[in-house]
Amino acid sequence: MPKWFTPAALVCGAMFAVSPLIIANAPYESTMGLVQKVFYYHMPSAWMFLLGALVCGFASARYLATRNDRQDRTALAAAELTVLFGLLTLVTGPLWARRAWGTWWVWDPRVTSSLVGWLIACAYLILRKYGGPGSERLAAAVAIFGMANVPFIYISVNYWRTIHPATSVVPTLPVSMGAPLWFCVMTFLLLFIVLMTMRVRLEESKSRLDALHLALDE
Amino acid sequence: MSIVRMLLISALLAAPAAIAAAQQPTQQDEFVPISELPPTEQLPAAPLLVGAYVFVLVALFLYVVSIARRVGAVRQEVDRLEGELKARSRS
């Protein structure tokens, strides 16, 4: 692991430990009250979900262009993180919606496109696991499709009639709500980097293992 | 003329009282059980909030444990094969 890894992991753990205290001190939102505080973990999870899909798509495009295995390993690691953070987003969202909207789920553009994005990432992982030899190229194409879905997820709330809050909410937040949010965003971003490093390292170890198996067979 | 003036004065005097009466909450003539309220008004928020945070933290913890176990298993296998390869090259 790189030298910065352990300090980064410790800082990330400390930030996660402190975050509930910071969120508890944030003011209540006027119409939703206490349940709106799900926002401080929901939105950073959603951003990491989109970041994962973008990293996976870019790395897959570069893999298709260069056939560099390093890019393929990065794409695989990012796809797993996309599934993880997508799951967090898709679970915390309905828990918030149940109280705020009176329903667990609505088939509105933001929620539906997020589910589609998550299913694309799941499809990528299933292809990689069960697709057999050569599946990495097909999976790379799926990842590019998933990346193309990201701008649609982001802007969907601004162009369609939906009950999901618009993207204009974040820039207009008062400091008392914006500071905890950005703290949580930095925490999740650091976590994403730490997990990505671990996951890429795992793929590198697996490729080393494959090389050793081949060397022993010869 | 004086009758019109009197009516205007009395209307002006009565207006604040009428506005105040309109602003008063309506008299409660029945008790509604909480179960009959709309879903958004009867759900307590705390279990949903706590559930969301617990789910995030538990899922992240399990994922970190899963990666650590996988890294450990692969590293162990790499060490074993490297040892085997060394032993074979020596012999």
# chains A, B, ... in the order shown; residues from 1 in each chain; ligands from 1
>>> closest_atom_pairs(of="chain A", to="chain B", cutoff="7 Å", atoms="only C-alpha atoms", output="Markdown table")
| residue | atom | partner | partner_atom | distance |
| --- | --- | --- | --- | --- |
| A:Leu34 | CA | B:Ala45 | CA | 6.2 |
| A:Val35 | CA | B:Ala45 | CA | 5.2 |
| A:Val38 | CA | B:Leu49 | CA | 5.8 |
| A:Leu88 | CA | B:Val56 | CA | 6.0 |
| A:Thr92 | CA | B:Ala52 | CA | 5.1 |
| A:Leu95 | CA | B:Leu48 | CA | 5.5 |
| A:Trp96 | CA | B:Leu48 | CA | 6.9 |
| A:Arg99 | CA | B:Thr40 | CA | 5.4 |
| A:Ala100 | CA | B:Thr40 | CA | 6.4 |
| A:Trp101 | CA | B:Thr40 | CA | 6.7 |
| A:Gly102 | CA | B:Thr40 | CA | 4.7 |
| A:Arg199 | CA | B:Ile67 | CA | 6.9 |
| A:Leu202 | CA | B:Val71 | CA | 5.4 |
| A:Ser205 | CA | B:Val74 | CA | 6.5 |
| A:Lys206 | CA | B:Val74 | CA | 6.5 |
| A:Leu209 | CA | B:Val78 | CA | 5.5 |
| A:Leu212 | CA | B:Leu81 | CA | 6.5 |
| A:Leu216 | CA | B:Leu85 | CA | 6.5 |
>>> write_last_selection(atoms="C-alpha atoms", output="mmCIF file, in the first residue's frame")
data_model
loop_
_atom_site.group_PDB
_atom_site.id
_atom_site.type_symbol
_atom_site.label_atom_id
_atom_site.label_comp_id
_atom_site.auth_asym_id
_atom_site.auth_seq_id
_atom_site.Cartn_x
_atom_site.Cartn_y
_atom_site.Cartn_z
ATOM 1 C CA LEU A 34 -35.553 15.504 11.786
ATOM 2 C CA VAL A 35 -35.743 13.062 8.862
ATOM 3 C CA VAL A 38 -30.650 11.594 6.212
ATOM 4 C CA LEU A 88 -26.402 3.156 0.141
ATOM 5 C CA THR A 92 -31.239 5.809 2.464
ATOM 6 C CA LEU A 95 -36.025 5.842 4.287
ATOM 7 C CA TRP A 96 -36.063 9.618 3.874
ATOM 8 C CA ARG A 99 -41.433 10.328 6.008
ATOM 9 C CA ALA A 100 -40.997 13.281 3.637
ATOM 10 C CA TRP A 101 -43.147 12.089 0.712
ATOM 11 C CA GLY A 102 -45.334 9.523 2.480
ATOM 12 C CA ARG A 199 -9.731 -2.683 -4.232
ATOM 13 C CA LEU A 202 -6.650 -6.607 -4.500
ATOM 14 C CA SER A 205 -2.620 -9.230 -6.143
ATOM 15 C CA LYS A 206 -5.046 -11.414 -8.115
ATOM 16 C CA LEU A 209 -1.575 -14.835 -8.394
ATOM 17 C CA LEU A 212 2.293 -17.398 -10.443
ATOM 18 C CA LEU A 216 3.992 -23.127 -11.909
#
>>> atom_distance(atom1="CA of Met32 (chain A)", atom2="CA of Arg98 (chain A)")
11.1 Å
>>> residues_around(residues="Glu203 (chain A)", least_positions_apart="5", cutoff="9 Å", atoms="only C-alpha atoms", output="ChimeraX atom specification")
/A:73-74,76-77,198,208 /B:71
>>> residues_around(residues="Ser60 (chain A)", least_positions_apart="2", cutoff="9 Å", atoms="only C-alpha atoms", output="PyMOL selection string")
chain A and resi 55-58+62-65+71-72+74-76+136-137+139-144
>>> write_last_selection(atoms="N, CA, C and O atoms", output="compact mmCIF listing (two decimals), in the first residue's frame")
# COMPACT_ATOMS: atom_id res chain seq x y z
N VAL A 55 -15.66 6.95 -13.09
CA VAL A 55 -14.31 6.35 -13.08
C VAL A 55 -14.34 5.03 -13.85
O VAL A 55 -13.46 4.75 -14.66
N CYS A 56 -15.37 4.23 -13.57
CA CYS A 56 -15.51 2.92 -14.24
C CYS A 56 -15.63 3.11 -15.76
O CYS A 56 -14.96 2.42 -16.54
N GLY A 57 -16.44 4.08 -16.17
CA GLY A 57 -16.63 4.32 -17.60
C GLY A 57 -15.37 4.82 -18.28
O GLY A 57 -14.99 4.33 -19.35
N PHE A 58 -14.69 5.80 -17.65
CA PHE A 58 -13.45 6.34 -18.25
C PHE A 58 -12.38 5.26 -18.34
O PHE A 58 -11.71 5.12 -19.37
N ARG A 62 -10.66 3.73 -21.72
CA ARG A 62 -9.20 3.69 -21.92
C ARG A 62 -8.72 2.25 -22.11
O ARG A 62 -7.80 2.01 -22.88
N TYR A 63 -9.38 1.32 -21.41
CA TYR A 63 -9.00 -0.09 -21.58
C TYR A 63 -9.31 -0.55 -23.01
O TYR A 63 -8.49 -1.23 -23.65
N LEU A 64 -10.48 -0.16 -23.51
CA LEU A 64 -10.83 -0.56 -24.88
C LEU A 64 -9.88 0.07 -25.90
O LEU A 64 -9.58 -0.53 -26.94
N ALA A 65 -9.39 1.28 -25.59
CA ALA A 65 -8.51 1.96 -26.53
C ALA A 65 -7.09 1.44 -26.46
O ALA A 65 -6.40 1.34 -27.49
N GLN A 71 -5.96 -0.35 -16.48
CA GLN A 71 -7.24 0.36 -16.64
C GLN A 71 -8.41 -0.58 -16.35
O GLN A 71 -9.42 -0.18 -15.76
N ASP A 72 -8.25 -1.82 -16.78
CA ASP A 72 -9.31 -2.80 -16.54
C ASP A 72 -9.49 -3.06 -15.04
O ASP A 72 -10.62 -3.15 -14.54
N THR A 74 -8.76 -0.95 -12.66
CA THR A 74 -9.37 0.27 -12.09
C THR A 74 -10.89 0.26 -12.34
O THR A 74 -11.68 0.59 -11.44
N ALA A 75 -11.28 -0.13 -13.54
CA ALA A 75 -12.72 -0.16 -13.89
C ALA A 75 -13.47 -1.15 -13.01
O ALA A 75 -14.57 -0.85 -12.51
N LEU A 76 -12.86 -2.32 -12.80
CA LEU A 76 -13.51 -3.34 -11.98
C LEU A 76 -13.68 -2.86 -10.53
O LEU A 76 -14.75 -3.03 -9.91
N GLU A 136 -14.32 -9.05 -20.38
CA GLU A 136 -13.92 -7.72 -19.93
C GLU A 136 -14.21 -6.65 -20.98
O GLU A 136 -14.53 -5.50 -20.64
N ARG A 137 -14.15 -7.05 -22.27
CA ARG A 137 -14.43 -6.05 -23.32
C ARG A 137 -15.93 -5.73 -23.38
O ARG A 137 -16.32 -4.58 -23.53
N ALA A 139 -17.97 -6.07 -20.88
CA ALA A 139 -18.26 -5.34 -19.64
C ALA A 139 -17.83 -3.89 -19.77
O ALA A 139 -18.51 -2.99 -19.24
N ALA A 140 -16.71 -3.65 -20.47
CA ALA A 140 -16.24 -2.26 -20.65
C ALA A 140 -17.29 -1.45 -21.42
O ALA A 140 -17.53 -0.27 -21.09
N ALA A 141 -17.91 -2.08 -22.40
CA ALA A 141 -18.96 -1.38 -23.16
C ALA A 141 -20.15 -1.06 -22.26
O ALA A 141 -20.73 0.03 -22.34
N VAL A 142 -20.48 -2.00 -21.39
CA VAL A 142 -21.59 -1.78 -20.44
C VAL A 142 -21.24 -0.60 -19.52
O VAL A 142 -22.09 0.25 -19.22
N ALA A 143 -19.97 -0.55 -19.08
CA ALA A 143 -19.54 0.53 -18.18
C ALA A 143 -19.63 1.89 -18.86
O ALA A 143 -20.01 2.88 -18.21
N ILE A 144 -19.33 1.94 -20.16
CA ILE A 144 -19.44 3.22 -20.89
C ILE A 144 -20.91 3.64 -20.96
O ILE A 144 -21.24 4.82 -20.81
>>> atom_distance(atom1="CA of Tyr40 (chain A)", atom2="CA of Cys184 (chain A)")
6.4 Å
>>> select_by_dssp(residues="chain A", states="alpha helix (DSSP H)", output="number ranges by chain")
A: 5-25, 39-66, 69-100, 109-130, 135-159, 175-217
>>> atom_distance(atom1="CA of Lys3 (chain A)", atom2="CA of Ala59 (chain A)")
24.1 Å
